[in-house]
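Peer 1: Next up, run_20.cif (mmCIF, C-alpha atoms).
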data_upload
loop_
_atom_site.group_PDB
_atom_site.id
_atom_site.type_symbol
_atom_site.label_atom_id
_atom_site.label_comp_id
_atom_site.auth_asym_id
_atom_site.auth_seq_id
_atom_site.Cartn_x
_atom_site.Cartn_y
_atom_site.Cartn_z
ATOM 1 C CA MET A 258 35.125 76.235 81.352
ATOM 2 C CA SER A 259 35.827 78.764 84.003
ATOM 3 C CA PRO A 260 38.517 81.140 82.793
ATOM 4 C CA PRO A 261 41.161 82.157 85.267
ATOM 5 C CA VAL A 262 40.611 85.445 86.995
ATOM 6 C CA LEU A 263 43.502 87.816 86.626
ATOM 7 C CA THR A 264 42.461 90.462 89.063
ATOM 8 C CA THR A 265 45.148 92.895 88.150
ATOM 9 C CA ALA A 266 46.619 91.586 84.931
ATOM 10 C CA ARG A 267 45.285 92.331 81.501
ATOM 11 C CA ARG A 268 41.661 91.380 81.011
ATOM 12 C CA ALA A 269 40.097 90.276 77.801
ATOM 13 C CA GLU A 270 36.367 90.391 78.328
ATOM 14 C CA PRO A 271 35.417 90.129 74.649
ATOM 15 C CA LEU A 272 37.460 86.968 74.322
ATOM 16 C CA LEU A 273 36.076 85.510 77.506
ATOM 17 C CA ALA A 274 32.633 86.023 76.068
ATOM 18 C CA GLY A 275 33.648 83.807 73.190
ATOM 19 C CA ALA A 276 34.219 86.403 70.511
ATOM 20 C CA GLY A 277 35.631 84.781 67.425
ATOM 21 C CA ALA A 278 34.453 81.321 68.322
ATOM 22 C CA ARG A 279 32.333 79.508 65.810
ATOM 23 C CA PRO A 280 29.742 76.993 66.909
ATOM 24 C CA GLY A 281 31.012 73.496 66.354
ATOM 25 C CA LEU A 282 34.657 74.377 66.624
ATOM 26 C CA ALA A 283 36.713 72.991 69.467
ATOM 27 C CA PRO A 284 38.648 75.412 71.669
ATOM 28 C CA ASP A 285 41.868 75.034 69.697
ATOM 29 C CA GLU A 286 40.088 75.714 66.435
ATOM 30 C CA VAL A 287 38.743 79.131 67.230
ATOM 31 C CA ALA A 288 38.337 81.214 64.118
ATOM 32 C CA LEU A 289 39.715 84.716 64.329
ATOM 33 C CA PRO A 290 39.774 87.550 61.850
ATOM 34 C CA GLU A 291 42.993 87.727 59.884
ATOM 35 C CA SER A 292 43.398 91.357 60.833
ATOM 36 C CA ALA A 293 43.814 90.360 64.467
ATOM 37 C CA PHE A 294 46.708 88.077 63.624
ATOM 38 C CA ALA A 295 48.211 90.730 61.392
ATOM 39 C CA VAL A 296 48.504 92.995 64.413
ATOM 40 C CA GLN A 297 49.370 90.475 67.106
ATOM 41 C CA GLY A 298 50.308 87.253 65.349
ATOM 42 C CA PRO A 299 48.932 83.916 66.499
ATOM 43 C CA TRP A 300 50.050 82.941 69.984
ATOM 44 C CA ARG A 301 50.397 79.315 70.891
ATOM 45 C CA VAL A 302 49.755 77.785 74.289
ATOM 46 C CA VAL A 303 52.251 74.948 74.672
ATOM 47 C CA VAL A 304 52.404 72.414 77.477
ATOM 48 C CA LEU A 305 55.787 70.868 78.190
ATOM 49 C CA ASN A 306 56.363 67.437 79.644
ATOM 50 C CA ASP A 307 57.136 66.970 83.295
ATOM 51 C CA PRO A 308 57.912 63.690 85.022
ATOM 52 C CA VAL A 309 55.778 64.428 88.061
ATOM 53 C CA ASN A 310 52.184 64.974 87.071
ATOM 54 C CA SER A 311 50.439 61.737 86.216
ATOM 55 C CA MET A 312 48.761 61.027 82.906
ATOM 56 C CA GLY A 313 45.362 60.950 84.579
ATOM 57 C CA TYR A 314 45.993 64.314 86.184
ATOM 58 C CA VAL A 315 47.102 65.901 82.918
ATOM 59 C CA VAL A 316 44.052 64.558 81.084
ATOM 60 C CA LEU A 317 41.818 65.963 83.799
ATOM 61 C CA VAL A 318 43.464 69.373 83.538
ATOM 62 C CA PHE A 319 43.104 69.490 79.769
ATOM 63 C CA ARG A 320 39.432 68.577 80.052
ATOM 64 C CA LYS A 321 38.887 71.166 82.753
ATOM 65 C CA VAL A 322 40.791 74.047 81.200
ATOM 66 C CA PHE A 323 39.916 73.585 77.534
ATOM 67 C CA GLY A 324 36.670 71.660 77.803
ATOM 68 C CA PHE A 325 38.060 68.852 75.674
ATOM 69 C CA ALA A 326 36.336 65.512 75.504
ATOM 70 C CA GLU A 327 38.428 62.761 77.054
ATOM 71 C CA PRO A 328 39.810 61.283 73.789
ATOM 72 C CA ARG A 329 41.074 64.654 72.678
ATOM 73 C CA ALA A 330 42.551 65.434 76.094
ATOM 74 C CA ARG A 331 44.229 62.041 76.113
ATOM 75 C CA ARG A 332 45.670 62.657 72.646
ATOM 76 C CA HIS A 333 47.265 65.892 73.787
ATOM 77 C CA MET A 334 48.531 64.241 76.966
ATOM 78 C CA LEU A 335 50.208 61.487 74.957
ATOM 79 C CA GLU A 336 51.759 64.069 72.676
ATOM 80 C CA VAL A 337 53.216 65.841 75.697
ATOM 81 C CA HIS A 338 54.440 62.563 77.135
ATOM 82 C CA GLU A 339 55.974 61.186 73.938
ATOM 83 C CA GLN A 340 57.150 64.313 72.156
ATOM 84 C CA GLY A 341 57.817 66.537 75.140
ATOM 85 C CA ARG A 342 55.288 69.206 74.180
ATOM 86 C CA SER A 343 51.879 69.784 72.723
ATOM 87 C CA VAL A 344 50.363 72.887 71.210
ATOM 88 C CA MET A 345 47.058 73.148 73.017
ATOM 89 C CA TRP A 346 45.580 76.230 71.449
ATOM 90 C CA SER A 347 46.514 79.138 69.234
ATOM 91 C CA GLY A 348 44.938 82.507 68.713
ATOM 92 C CA LEU A 349 44.915 85.970 70.152
ATOM 93 C CA ARG A 350 47.385 86.793 72.852
ATOM 94 C CA GLU A 351 44.915 87.700 75.582
ATOM 95 C CA GLN A 352 43.104 84.400 75.397
ATOM 96 C CA ALA A 353 46.392 82.519 75.137
ATOM 97 C CA GLU A 354 47.521 84.193 78.347
ATOM 98 C CA LEU A 355 44.350 83.152 80.107
ATOM 99 C CA TYR A 356 44.836 79.543 79.074
ATOM 100 C CA ALA A 357 48.500 79.570 80.060
ATOM 101 C CA PHE A 358 47.613 81.050 83.425
ATOM 102 C CA ALA A 359 44.936 78.427 84.016
ATOM 103 C CA LEU A 360 47.374 75.633 83.172
ATOM 104 C CA GLN A 361 49.972 77.092 85.510
ATOM 105 C CA GLN A 362 47.381 77.243 88.261
ATOM 106 C CA TRP A 363 47.227 73.478 87.855
ATOM 107 C CA HIS A 364 51.024 73.348 88.104
ATOM 108 C CA LEU A 365 51.607 72.303 84.529
ATOM 109 C CA THR A 366 54.541 73.763 82.645
ATOM 110 C CA ALA A 367 52.795 75.952 80.098
ATOM 111 C CA VAL A 368 54.499 78.496 77.891
ATOM 112 C CA LEU A 369 53.383 80.993 75.303
ATOM 113 C CA GLU A 370 54.981 81.101 71.903
ATOM 114 C CA THR A 371 54.613 83.341 68.916
ATOM 115 C CA ASP A 372 56.331 83.372 65.582
ATOM 116 C CA GLU A 373 57.439 86.924 66.206
ATOM 117 C CA ALA A 374 59.593 85.861 69.124
ATOM 118 C CA HIS A 375 61.477 83.140 67.249
ATOM 119 C CA MET W 47 27.039 65.388 97.550
ATOM 120 C CA LYS W 48 29.565 62.803 96.565
ATOM 121 C CA ARG W 49 32.111 62.199 99.278
ATOM 122 C CA ILE W 50 34.871 59.725 99.883
ATOM 123 C CA GLU W 51 36.504 58.967 103.172
ATOM 124 C CA VAL W 52 39.941 57.444 103.289
ATOM 125 C CA LYS W 53 41.244 55.621 106.297
ATOM 126 C CA LEU W 54 44.982 56.088 106.536
ATOM 127 C CA SER W 55 47.512 54.270 108.616
ATOM 128 C CA LEU W 56 48.576 56.737 111.286
ATOM 129 C CA PRO W 57 51.949 55.054 111.910
ATOM 130 C CA VAL W 58 52.719 55.311 108.198
ATOM 131 C CA VAL W 59 51.318 58.728 107.380
ATOM 132 C CA ALA W 60 52.073 60.712 110.538
ATOM 133 C CA PRO W 61 55.848 60.618 110.024
ATOM 134 C CA LEU W 62 55.358 62.046 106.525
ATOM 135 C CA LEU W 63 53.519 65.106 107.729
ATOM 136 C CA ASP W 64 56.588 66.935 108.974
ATOM 137 C CA LEU W 65 58.156 66.774 105.538
ATOM 138 C CA MET W 66 54.903 67.734 103.870
ATOM 139 C CA LYS W 67 54.621 70.729 106.211
ATOM 140 C CA ALA W 68 58.225 71.779 105.625
ATOM 141 C CA SER W 69 57.769 71.548 101.861
ATOM 142 C CA SER W 70 54.485 73.387 102.103
ATOM 143 C CA ASP W 71 56.167 76.169 104.073
ATOM 144 C CA VAL W 72 58.767 76.610 101.361
ATOM 145 C CA LEU W 73 55.997 76.849 98.790
ATOM 146 C CA GLU W 74 54.503 79.771 100.663
ATOM 147 C CA ALA W 75 57.019 81.888 98.802
ATOM 148 C CA GLN W 76 57.912 79.828 95.768
ATOM 149 C CA ILE W 77 55.880 78.597 92.841
ATOM 150 C CA ALA W 78 56.186 74.844 92.597
ATOM 151 C CA ALA W 79 56.270 74.398 88.833
ATOM 152 C CA PRO W 80 58.946 75.939 86.666
ATOM 153 C CA ILE W 81 57.343 78.853 84.905
ATOM 154 C CA THR W 82 58.654 81.155 82.251
ATOM 155 C CA LEU W 83 57.019 84.522 81.973
ATOM 156 C CA ASP W 84 59.341 85.935 79.343
ATOM 157 C CA ASP W 85 56.518 86.265 76.853
ATOM 158 C CA ILE W 86 54.243 88.007 79.324
ATOM 159 C CA ASP W 87 54.174 91.780 79.373
ATOM 160 C CA ALA W 88 56.623 92.976 81.981
ATOM 161 C CA ASP W 89 53.897 95.069 83.600
ATOM 162 C CA PHE W 90 51.893 91.962 84.388
ATOM 163 C CA ARG W 91 54.596 89.514 85.436
ATOM 164 C CA GLU W 92 54.592 90.284 89.135
ATOM 165 C CA ASP W 93 50.802 90.243 89.333
ATOM 166 C CA TRP W 94 50.750 86.987 87.411
ATOM 167 C CA ARG W 95 53.290 85.415 89.731
ATOM 168 C CA ALA W 96 51.576 86.769 92.856
ATOM 169 C CA GLU W 97 48.221 85.399 91.811
ATOM 170 C CA LEU W 98 49.668 81.973 91.099
ATOM 171 C CA LEU W 99 51.407 81.988 94.453
ATOM 172 C CA GLY W 100 48.254 83.042 96.285
ATOM 173 C CA GLY W 101 46.315 80.186 94.750
ATOM 174 C CA GLN W 102 49.045 77.736 95.606
ATOM 175 C CA GLN W 103 49.096 78.899 99.225
ATOM 176 C CA GLU W 104 45.347 78.370 99.480
ATOM 177 C CA GLU W 105 45.684 74.859 98.089
ATOM 178 C CA LEU W 106 48.425 73.883 100.511
ATOM 179 C CA HIS W 107 46.547 75.250 103.506
ATOM 180 C CA ALA W 108 43.566 73.128 102.491
ATOM 181 C CA LEU W 109 45.704 70.019 102.150
ATOM 182 C CA MET W 110 47.516 70.439 105.437
ATOM 183 C CA GLY W 111 44.199 71.264 107.091
ATOM 184 C CA LEU W 112 43.062 67.701 106.434
ATOM 185 C CA PHE W 113 45.580 66.473 108.963
ATOM 186 C CA ASN W 114 44.011 68.098 111.987
ATOM 187 C CA SER W 115 43.391 66.806 115.470
ATOM 188 C CA ASP W 116 40.502 64.634 114.273
ATOM 189 C CA PHE W 117 42.839 62.939 111.830
ATOM 190 C CA PHE W 118 45.135 61.949 114.661
ATOM 191 C CA ILE W 119 42.167 60.352 116.443
ATOM 192 C CA ASN W 120 40.598 58.377 113.641
ATOM 193 C CA GLY W 121 43.088 58.481 110.766
ATOM 194 C CA VAL W 122 40.386 59.513 108.311
ATOM 195 C CA VAL W 123 40.554 62.207 105.658
ATOM 196 C CA ALA W 124 37.541 63.125 103.545
ATOM 197 C CA PHE W 125 37.262 64.462 100.029
ATOM 198 C CA ASP W 126 34.176 65.888 98.424
ATOM 199 C CA GLU W 127 33.072 68.224 95.681
ATOM 200 C CA ASP W 128 34.169 71.229 97.676
ATOM 201 C CA ASN W 129 37.764 70.266 98.238
ATOM 202 C CA ALA W 130 38.558 67.773 95.473
ATOM 203 C CA GLU W 131 40.053 70.251 93.030
ATOM 204 C CA ILE W 132 42.077 72.197 95.532
ATOM 205 C CA ILE W 133 43.511 69.070 97.135
ATOM 206 C CA VAL W 134 44.464 67.538 93.802
ATOM 207 C CA ARG W 135 46.309 70.718 92.904
ATOM 208 C CA ALA W 136 48.017 70.898 96.282
ATOM 209 C CA CYS W 137 49.264 67.338 95.843
ATOM 210 C CA SER W 138 50.706 68.321 92.485
ATOM 211 C CA ALA W 139 52.519 71.316 93.969
ATOM 212 C CA LEU W 140 54.033 69.276 96.775
ATOM 213 C CA ARG W 141 55.078 66.452 94.450
ATOM 214 C CA LEU W 142 56.826 68.954 92.203
ATOM 215 C CA ARG W 143 58.659 70.389 95.203
ATOM 216 C CA LEU W 144 59.657 66.942 96.472
ATOM 217 C CA ARG W 145 60.874 65.905 93.064
ATOM 218 C CA ARG W 146 62.995 69.006 92.518
ATOM 219 C CA HIS W 147 64.354 69.344 96.021
ATOM 220 C CA ASP W 148 64.373 65.982 97.757
ATOM 221 C CA LEU W 149 64.319 63.422 94.954
ATOM 222 C CA ASP W 150 66.450 65.224 92.417
ATOM 223 C CA ILE W 151 68.971 62.420 92.129
ATOM 224 C CA LEU W 152 66.349 60.036 90.767
ATOM 225 C CA GLU W 153 65.964 59.726 87.020
ATOM 226 C CA ASP W 154 62.765 60.906 85.398
ATOM 227 C CA GLU W 155 62.294 57.435 83.934
ATOM 228 C CA GLN W 156 62.398 55.889 87.390
ATOM 229 C CA LEU W 157 59.659 58.151 88.664
ATOM 230 C CA GLU W 158 57.495 57.868 85.579
ATOM 231 C CA SER W 159 57.711 54.100 85.420
ATOM 232 C CA GLY W 160 57.198 53.636 89.137
ATOM 233 C CA GLY W 161 60.214 51.364 89.085
ATOM 234 C CA VAL W 162 61.679 52.499 92.375
ATOM 235 C CA ASP W 163 62.290 49.984 95.135
ATOM 236 C CA ILE W 164 61.978 52.001 98.299
ATOM 237 C CA GLU W 165 64.000 49.492 100.274
ATOM 238 C CA ARG W 166 66.966 50.135 98.010
ATOM 239 C CA LEU W 167 66.796 53.894 98.262
ATOM 240 C CA PRO W 168 69.239 55.693 100.553
ATOM 241 C CA ALA W 169 67.618 56.336 103.931
ATOM 242 C CA ALA W 170 67.463 60.072 103.290
ATOM 243 C CA LEU W 171 65.323 59.525 100.217
ATOM 244 C CA GLN W 172 62.870 57.036 101.650
ATOM 245 C CA LYS W 173 60.612 59.486 103.434
ATOM 246 C CA PRO W 174 60.460 61.968 100.543
ATOM 247 C CA PHE W 175 59.685 59.129 98.184
ATOM 248 C CA MET W 176 56.948 57.804 100.444
ATOM 249 C CA CYS W 177 55.492 61.305 100.572
ATOM 250 C CA TYR W 178 55.652 61.519 96.801
ATOM 251 C CA VAL W 179 53.837 58.210 96.386
ATOM 252 C CA PHE W 180 51.309 59.014 99.109
ATOM 253 C CA LEU W 181 50.351 62.310 97.483
ATOM 254 C CA GLY W 182 50.097 60.599 94.100
ATOM 255 C CA THR W 183 47.776 58.009 95.594
ATOM 256 C CA ILE W 184 45.549 60.710 97.047
ATOM 257 C CA GLN W 185 45.416 62.350 93.630
ATOM 258 C CA GLU W 186 44.511 59.087 91.929
ATOM 259 C CA LEU W 187 41.710 58.399 94.383
ATOM 260 C CA ILE W 188 40.218 61.826 93.927
ATOM 261 C CA ILE W 189 40.513 61.766 90.144
ATOM 262 C CA GLN W 190 39.004 58.297 90.022
ATOM 263 C CA HIS W 191 35.995 59.157 92.142
ATOM 264 C CA LEU W 192 35.497 62.911 91.964
ATOM 265 C CA ASP W 193 36.612 63.842 88.464
ATOM 266 C CA THR W 194 33.060 64.728 87.493
ATOM 267 C CA ALA W 195 32.830 67.144 90.401
ATOM 268 C CA ILE W 196 36.122 68.744 89.408
ATOM 269 C CA LEU W 197 35.060 69.104 85.793
ATOM 270 C CA ARG W 198 31.735 70.557 86.847
ATOM 271 C CA GLY W 199 33.380 72.998 89.242
ATOM 272 C CA PRO W 200 32.175 74.469 92.520
ATOM 273 C CA ALA W 201 28.482 74.929 93.154
ATOM 274 C CA GLY W 202 27.083 77.719 91.067
ATOM 275 C CA GLU W 203 29.665 77.432 88.339
ATOM 276 C CA SER W 204 28.278 76.477 84.972
ATOM 277 C CA GLY W 205 29.205 73.118 83.588
ATOM 278 C CA PRO W 206 27.817 69.821 82.457
ATOM 279 C CA ALA W 207 25.034 68.638 84.716
ATOM 280 C CA GLU W 208 25.581 65.062 85.706
ATOM 281 C CA ASP W 209 23.886 62.936 88.277
ATOM 282 C CA ASP W 210 25.405 62.822 91.688
ATOM 283 C CA ASP W 211 26.656 59.477 92.802
ATOM 284 C CA GLU W 212 25.649 59.430 96.401
ATOM 285 C CA GLY W 213 27.769 57.644 98.929
ATOM 286 C CA ALA W 214 30.773 56.841 96.819
ATOM 287 C CA GLY W 215 32.153 54.773 99.611
ATOM 288 C CA ASP W 216 35.022 54.454 101.993
ATOM 289 C CA PHE W 217 38.565 53.489 101.251
ATOM 290 C CA ASP W 218 41.099 51.979 103.514
ATOM 291 C CA LEU W 219 44.703 52.736 102.824
ATOM 292 C CA ASP W 220 45.683 51.377 106.181
ATOM 293 C CA LYS W 221 48.608 49.103 105.483
ATOM 294 C CA ASP W 222 48.891 47.777 109.025
#
Could you show the structure in this file as structure tokens?

Peer 2:
Amino acid sequence: MSPPVLTTARRAEPLLAGAGARPGLAPDEVALPESAFAVQGPWRVVVLNDPVNSMGYVVLVFRKVFGFAEPRARRHMLEVHEQGRSVMWSGLREQAELYAFALQQWHLTAVLETDEAH
Amino acid sequence: MKRIEVKLSLPVVAPLLDLMKASSDVLEAQIAAPITLDDIDADFREDWRAELLGGQQEELHALMGLFNSDFFINGVVAFDEDNAEIIVRACSALRLRLRRHDLDILEDEQLESGGVDIERLPAALQKPFMCYVFLGTIQELIIQHLDTAILRGPAGESGPAEDDDEGAGDFDLDKD
């Protein structure tokens, strides 16, 4: 996956290098030290439904942005379509921002959520 | 390099280009998708928005650039590994704009199901709806034939190495 380039916004080089990721875990199962969550809380990248972008397009975007295999991308797409939203990933804020930015570059409605804000 | 050429009906597509251009012009200064940046640090919001807008502008310039003087001679547009991703995204941006601005009286269910009879639409909605469908068709064609190229990314970008499928073929969308 090619992470989005935020030329002026916050950068998160250690996360881009895959810090915290365990081999064999999919992108939305990244393992992070508990201390990181204690400071920042887990942030969720959520995609909301829109009536414009086609199912095929959304599946393509999920595969491109998160590196999902097609069945997993399709599962998330159907969740968005049927339930109005799907949590795509959760973890540290910086990485969540990068994913949200990438999804917005593809014109999907992506939001960030954290327990602290609700 | 995989490449597809699509022959379009000039009498059908040419009248849509004015609306596509007008919508594209609006999107020079406006992000197509609804975005909420409330959870983003205030210091970064403007940069975030500016970078999204810059990318969107690039996409739309690429899309409108397909309809150049050559297009008006032969009616052909071409997609390949270099422009597939950017054109697909541009189509998405324009469809979002058309839906929110020109087709806002239609129900979501109508658009999602495809159950819209263009002949029964008010005259003012027919061209926007044709644009909307046209851009969706372009997206489908690209995703169907160039999805591997999009997933792999531009030359030099790391990604799964898959065999090229040379000469994907030509498509004729000419409805005449």

Peer 1: Check the smallest atom-to-atom distance from each of A:Arg301, A:Arg350, A:His333, A:Lys321 to chain W using only C-alpha atoms, then report the winner.

Peer 2: A:Lys321

Peer 1: Which residues come within 10 Å of Asn129 (chain W), counting all atoms listed in the file, excluding same-chain residues fewer than 2 positions away, as a ChimeraX atom specification?

Peer 2: /W:49,105,108-109,124-127,131-134,188,192,195-196,200

Peer 1: I'd like the contact shell of region 337-343 of chain A - 6 Å cut-off, only C-alpha atoms, skipping same-chain residues fewer than 4 positions apart - returned as a list in words.

Peer 2: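 Counting only C-alpha atoms, the residues come to Val303, Val304, Leu305 and Asn306 of chain A.
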
Peer 1: Show me which bits of chain W are within 8 Å of chain A, counting all atoms listed in the file, as a ChimeraX atom specification.

Peer 2: /W:78-83,85-86,90,93-94,97-98,101-102,135,138-139,141-142,145,154-155,157-158,182,185-186,189,193,196-197,203-205

Peer 1: From the set A:Val315, A:Leu335, A:Ala330, A:Val302, which residue has the shortest atom-to-atom contact distance to Leu349 (chain A), counting all atoms listed in the file?

Peer 2: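 Distance minimum relative to Leu349 (chain A) lands on A:Val302.
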
Peer 1: Distance CA of Val316 (chain A)-CA of Arg332 (chain A), one decimal place?

Peer 2: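 Computing the Euclidean distance for CA of Val316 (chain A) and CA of Arg332 (chain A) yields 8.8 Å.
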
Peer 1: For region 62-71 of chain W, work out the shell of residues within 12 Å, counting only C-alpha atoms and skipping chain neighbours fewer than 6 positions away, then give it as a ChimeraX atom specification.

Peer 2: /W:54-56,77-78,99,102-114,117-118,136-148,170-181

Peer 1: What's the separation between CA of Phe325 (chain A) and CA of Leu187 (chain W), in Å to one decimal place?

Peer 2: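 Spanning CA of Phe325 (chain A) to CA of Leu187 (chain W) is a straight-line distance of 21.7 Å.
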
Peer 1: Would you compute an axis-aligned box for region 305-311 of chain A, covering every atom listed for it in the file with 8 Å of margin on each side, and report centre and edge lengths in Å to one decimal as AutoDock Vina command-line options?

Peer 2:
--center_x 54.2 --center_y 66.3 --center_z 83.1 --size_x 23.5 --size_y 25.1 --size_z 25.9

Peer 1: Interatomic distance between CA of Pro328 (chain A) and CA of Leu360 (chain A)?

Peer 2: 18.7 Å
